[in-house]
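Enquirer: Submitted below is the structure of interest, expressed as structure tokens.
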Amino acid sequence: MSQLSGKVQTVLGLMDPDQLGRTMTHEHLTMSFECCYFPPPVGDEAVAENPFHMRHMHWLRQNPYSCHENLLLQQETSAVRDELLVYRKAGGGTIVENTTTGLDRDLPTLKQLAKETGVHIIAGAGYYVDCTHTEATKKMSVEKLTDIIVSEVLHGADGTDIRCGVIGEIGTGWPITESETKVLRAAAHAQTQLGCPVIIHPGRNPAAPAEVVRILQEAGGDISKTVMSHLDRTIFDDGELLEFAKLGSYLEYDLFGTEMLNYPYNMEVDMPSDCQRVKTLAFLVKEGYEDKIVVAHDIHTKNRLTKYGGHGYSHILKNIVPKMLMRGISQHQVDKILIDNPKRWLTFK
Ligand SMILES: CC(=O)NCCS(=O)(=O)O
């Protein structure tokens with residue numbers, strides 16, 4: 001038994017899991033999403049240069065990835081601080097900050113935000129998707145990658161003594177690349193050593209989540225301590241969703257607040273509305289998965305902050321919870337989704 005056993009690890013240190021409270025399991029507070037810039041539609045280049053005006057709000061919601069400045073969430077620490085204070089007032093306790101290597105992780109800023117706002121912040125270890133892996137990362141063995149991830153949890157990351165409390169979001173695409181496969185194996189090996197939670201960003205194909213689970217399992221990973229993120233843009237068929245749910249990971253709906261007509265990274269996808277997300281949660285609850293659901297907003301662009309007319313980090317607590325209750329999810333089940341499930345997942349074995 002390690003000293004982490006039975007605890008959760010925030011950027012301010014070890015904590016009793018009962019202190020977590022309501023938890024968003026997938027957010028970003030400071031990061032860059034420049035790696036995923038997507039050119040604007042032809043004719044919209046001028047708007048993309050300077051979209052932060054009321055008249056461009058709709059454009060920005062529809063094309064969030066087509067404006068370089070919108071991808072620089074790390075420029076908004078002051079606005080994020082204000083939002084976290086609102087989150088606390090709205091009854092929020094904890095945020096799992098999923099920024100890993102490749103997305104400009106900034107642990108000192110996370111620590112400062114935790115101190116200033118009283119929100120518990122849990123930082124992520126490991127690597128984002130292949131296009132952000134450096135040549136050095138791509139050359140590393142699984143053993144070396146494992147050592148780095150373990151060290152980020154036990155000793156601190158990015159040259160600091162600030163420790164990560166979760167592995168991920170580990171980034172994967174579709175098909176999963178060789179380098180991403182090595183990182184997945186390393187995440188599984190590190191999880192075996194540490195008994196810690198893991199969270200995955202799957203590729204944008206309905207088969208991607210199950211393939212990730214297969215690779216993790218083969219490497220000895222604990223799927224019951226793993227969250228599969230972004231299911232709202234990945235699996236659309238109820239039958240396929242139930243097949244995936246049987247594999248035993250936590251099922252994360254983490255794009256609450258995102259409403260867009262065209263999802264640029266996969267034009268086949270019709271991004272669901274929040275009402276459709278709630279309907280899917282109610283379906284999963286009815287099918288017996290209330291102990292496996294977790295939720296979040298995955299804020300990763302500026303336009304989703306309230307400062308820019310977005311929904312902010314309190315949208316689920318303020319607007320989605322009442323809708324869940326209206327659609328037949330009980331208060332007890334809501335508490336499982338917001339408190340009990342994240343707590344179980346985040347507690348080191
Ligand atoms: C930061 C991040 O990876 N967000 C997910 C964006 S996606 O469009 O759902 O893949």
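In the structure tokens, chains take the letters A, B, ... in the order shown, each chain's residues start at 1, and ligands count up from 1 in the order shown.
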Please, which residues of region 156-256 of chain A, numbered as in this document, come out helix (DSSP H, G or I) from DSSP, as a count of residues only?

Expert: 42

Enquirer: As a list in words, please: the residues near region 20-27 of chain A (cut-off 7 Å, only C-alpha atoms, same-chain neighbours under 3 positions excluded).

Expert: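 The neighbour list is Pro17, Gly91, Gly92, Gly93, Thr94, Ile95, Val96, Glu97, Asn98, His120, Asp254, Val294, Val295, Ala296, His297, Asp298, Ile299, Leu338, Ile339, Pro342 and Lys343 of chain A.
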
Enquirer: Produce as a PyMOL selection string the set of residues near ligand 1, where near means within 8 Å with only C-alpha atoms and all ligand atoms considered.

Expert: chain A and resi 28+33+98-99+103+128+169+171+201-204+230+233+255+263+265+298-300

Enquirer: Would you write out those residues with N, CA, C and O atoms, as an mmCIF file, in the first residue's frame?

Expert:
```cif
data_model
loop_
_atom_site.group_PDB
_atom_site.id
_atom_site.type_symbol
_atom_site.label_atom_id
_atom_site.label_comp_id
_atom_site.auth_asym_id
_atom_site.auth_seq_id
_atom_site.Cartn_x
_atom_site.Cartn_y
_atom_site.Cartn_z
ATOM 1 N N HIS A 28 -10.511 22.199 -18.784
ATOM 2 C CA HIS A 28 -9.196 22.822 -18.942
ATOM 3 C C HIS A 28 -9.311 24.240 -18.394
ATOM 4 O O HIS A 28 -10.307 24.924 -18.660
ATOM 5 N N PHE A 33 -4.831 25.231 -27.647
ATOM 6 C CA PHE A 33 -5.368 24.217 -28.576
ATOM 7 C C PHE A 33 -4.903 24.512 -30.004
ATOM 8 O O PHE A 33 -5.531 24.086 -30.970
ATOM 9 N N ASN A 98 -7.582 18.437 -17.377
ATOM 10 C CA ASN A 98 -7.075 17.371 -18.245
ATOM 11 C C ASN A 98 -5.929 17.767 -19.177
ATOM 12 O O ASN A 98 -5.642 17.054 -20.132
ATOM 13 N N THR A 99 -5.282 18.901 -18.926
ATOM 14 C CA THR A 99 -4.238 19.351 -19.853
ATOM 15 C C THR A 99 -2.957 18.539 -19.671
ATOM 16 O O THR A 99 -2.345 18.564 -18.596
ATOM 17 N N LEU A 103 -0.344 20.220 -24.802
ATOM 18 C CA LEU A 103 -1.392 21.253 -24.754
ATOM 19 C C LEU A 103 -0.963 22.447 -23.893
ATOM 20 O O LEU A 103 -1.805 23.219 -23.446
ATOM 21 N N TYR A 128 -0.858 14.172 -24.907
ATOM 22 C CA TYR A 128 -2.021 14.346 -25.781
ATOM 23 C C TYR A 128 -1.768 13.608 -27.116
ATOM 24 O O TYR A 128 -0.868 12.768 -27.200
ATOM 25 N N GLU A 169 -5.787 13.834 -19.886
ATOM 26 C CA GLU A 169 -6.305 13.019 -20.947
ATOM 27 C C GLU A 169 -5.181 12.516 -21.845
ATOM 28 O O GLU A 169 -4.408 13.278 -22.410
ATOM 29 N N GLY A 171 -4.170 11.279 -25.212
ATOM 30 C CA GLY A 171 -4.758 11.548 -26.523
ATOM 31 C C GLY A 171 -4.543 10.413 -27.508
ATOM 32 O O GLY A 171 -3.432 9.898 -27.638
ATOM 33 N N HIS A 201 -8.793 10.373 -24.224
ATOM 34 C CA HIS A 201 -9.412 11.106 -25.335
ATOM 35 C C HIS A 201 -9.388 10.142 -26.530
ATOM 36 O O HIS A 201 -8.321 9.880 -27.086
ATOM 37 N N PRO A 202 -10.552 9.586 -26.914
ATOM 38 C CA PRO A 202 -10.543 8.622 -28.016
ATOM 39 C C PRO A 202 -10.593 9.314 -29.372
ATOM 40 O O PRO A 202 -10.985 10.489 -29.468
ATOM 41 N N GLY A 203 -10.226 8.575 -30.444
ATOM 42 C CA GLY A 203 -10.366 9.097 -31.803
ATOM 43 C C GLY A 203 -11.834 9.242 -32.178
ATOM 44 O O GLY A 203 -12.729 8.736 -31.490
ATOM 45 N N ARG A 204 -12.058 9.942 -33.286
ATOM 46 C CA ARG A 204 -13.447 10.279 -33.667
ATOM 47 C C ARG A 204 -14.033 9.223 -34.591
ATOM 48 O O ARG A 204 -14.296 9.468 -35.768
ATOM 49 N N HIS A 230 -15.516 12.157 -24.135
ATOM 50 C CA HIS A 230 -16.064 12.623 -25.420
ATOM 51 C C HIS A 230 -17.023 11.629 -26.093
ATOM 52 O O HIS A 230 -17.095 11.581 -27.323
ATOM 53 N N ARG A 233 -19.467 12.860 -28.936
ATOM 54 C CA ARG A 233 -19.156 13.058 -30.355
ATOM 55 C C ARG A 233 -18.579 11.787 -31.001
ATOM 56 O O ARG A 233 -18.005 11.803 -32.065
ATOM 57 N N LEU A 255 -19.053 17.344 -23.324
ATOM 58 C CA LEU A 255 -19.095 18.508 -24.208
ATOM 59 C C LEU A 255 -20.370 19.308 -23.964
ATOM 60 O O LEU A 255 -20.888 19.975 -24.871
ATOM 61 N N TYR A 263 -19.183 19.828 -37.262
ATOM 62 C CA TYR A 263 -18.046 19.480 -36.413
ATOM 63 C C TYR A 263 -16.850 19.282 -37.349
ATOM 64 O O TYR A 263 -16.787 18.280 -38.066
ATOM 65 N N TYR A 265 -13.768 18.434 -37.306
ATOM 66 C CA TYR A 265 -12.820 17.314 -37.259
ATOM 67 C C TYR A 265 -13.419 16.020 -37.810
ATOM 68 O O TYR A 265 -12.704 15.051 -38.039
ATOM 69 N N ASP A 298 -15.590 20.236 -20.741
ATOM 70 C CA ASP A 298 -14.356 20.236 -21.525
ATOM 71 C C ASP A 298 -14.105 21.610 -22.165
ATOM 72 O O ASP A 298 -13.902 21.729 -23.379
ATOM 73 N N ILE A 299 -14.119 22.638 -21.347
ATOM 74 C CA ILE A 299 -13.844 23.982 -21.887
ATOM 75 C C ILE A 299 -12.394 24.017 -22.371
ATOM 76 O O ILE A 299 -11.473 23.728 -21.615
ATOM 77 N N HIS A 300 -12.208 24.319 -23.668
ATOM 78 C CA HIS A 300 -10.843 24.378 -24.197
ATOM 79 C C HIS A 300 -10.653 25.522 -25.195
ATOM 80 O O HIS A 300 -9.616 25.604 -25.842
#
```

Enquirer: Nearest to Ile176 (chain A) among A:Glu211, A:Asp291, A:Asp335, A:Asp237, with distances taken over only C-alpha atoms: which residue is it?

Expert: A:Glu211

Enquirer: Of the candidates A:Met228, A:Ile121, A:Met260, A:Leu84, which one gets nearest to Cys164 (chain A) if we count only C-alpha atoms?

Expert: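 The answer is A:Ile121, which sits nearest to Cys164 (chain A).
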
Enquirer: Separation of CA of Leu85 (chain A) and CA of Thr117 (chain A), in Å?

Expert: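 Taking CA of Leu85 (chain A) and CA of Thr117 (chain A), their separation equals 5.6 Å.
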
Enquirer: Residues near region 181-191 of chain A, anyone? I mean within 7 Å using only C-alpha atoms, not counting same-chain ones fewer than 3 positions away, as a PDB file with C-alpha atoms, in the first residue's frame.

Expert:
```
ATOM      1  CA  VAL A 142       7.175   2.197 -23.247  1.00  0.00           C
ATOM      2  CA  GLU A 143       9.360   1.803 -20.143  1.00  0.00           C
ATOM      3  CA  LEU A 145       7.245   6.789 -21.004  1.00  0.00           C
ATOM      4  CA  THR A 146       5.997   4.830 -17.991  1.00  0.00           C
ATOM      5  CA  ILE A 149       4.214   9.368 -16.154  1.00  0.00           C
ATOM      6  CA  VAL A 150       4.881   7.717 -12.782  1.00  0.00           C
ATOM      7  CA  ILE A 167      -3.213  10.049 -15.916  1.00  0.00           C
ATOM      8  CA  ILE A 176      -4.471   4.935 -33.281  1.00  0.00           C
ATOM      9  CA  THR A 177      -0.812   5.618 -34.163  1.00  0.00           C
ATOM     10  CA  GLU A 178       2.254   3.673 -33.041  1.00  0.00           C
ATOM     11  CA  LEU A 194       0.180   3.522  -8.802  1.00  0.00           C
ATOM     12  CA  GLY A 195      -3.435   2.313  -8.610  1.00  0.00           C
ATOM     13  CA  CYS A 196      -4.457   5.659 -10.051  1.00  0.00           C
ATOM     14  CA  ILE A 215      -4.918  -1.897 -25.838  1.00  0.00           C
ATOM     15  CA  LEU A 216      -5.122  -0.836 -22.184  1.00  0.00           C
ATOM     16  CA  ALA A 219      -1.151  -3.928 -21.127  1.00  0.00           C
ATOM     17  CA  GLY A 220      -2.727  -4.768 -17.754  1.00  0.00           C
ATOM     18  CA  GLY A 221      -4.720  -1.532 -17.288  1.00  0.00           C
TER      19      GLY A 221
END
```
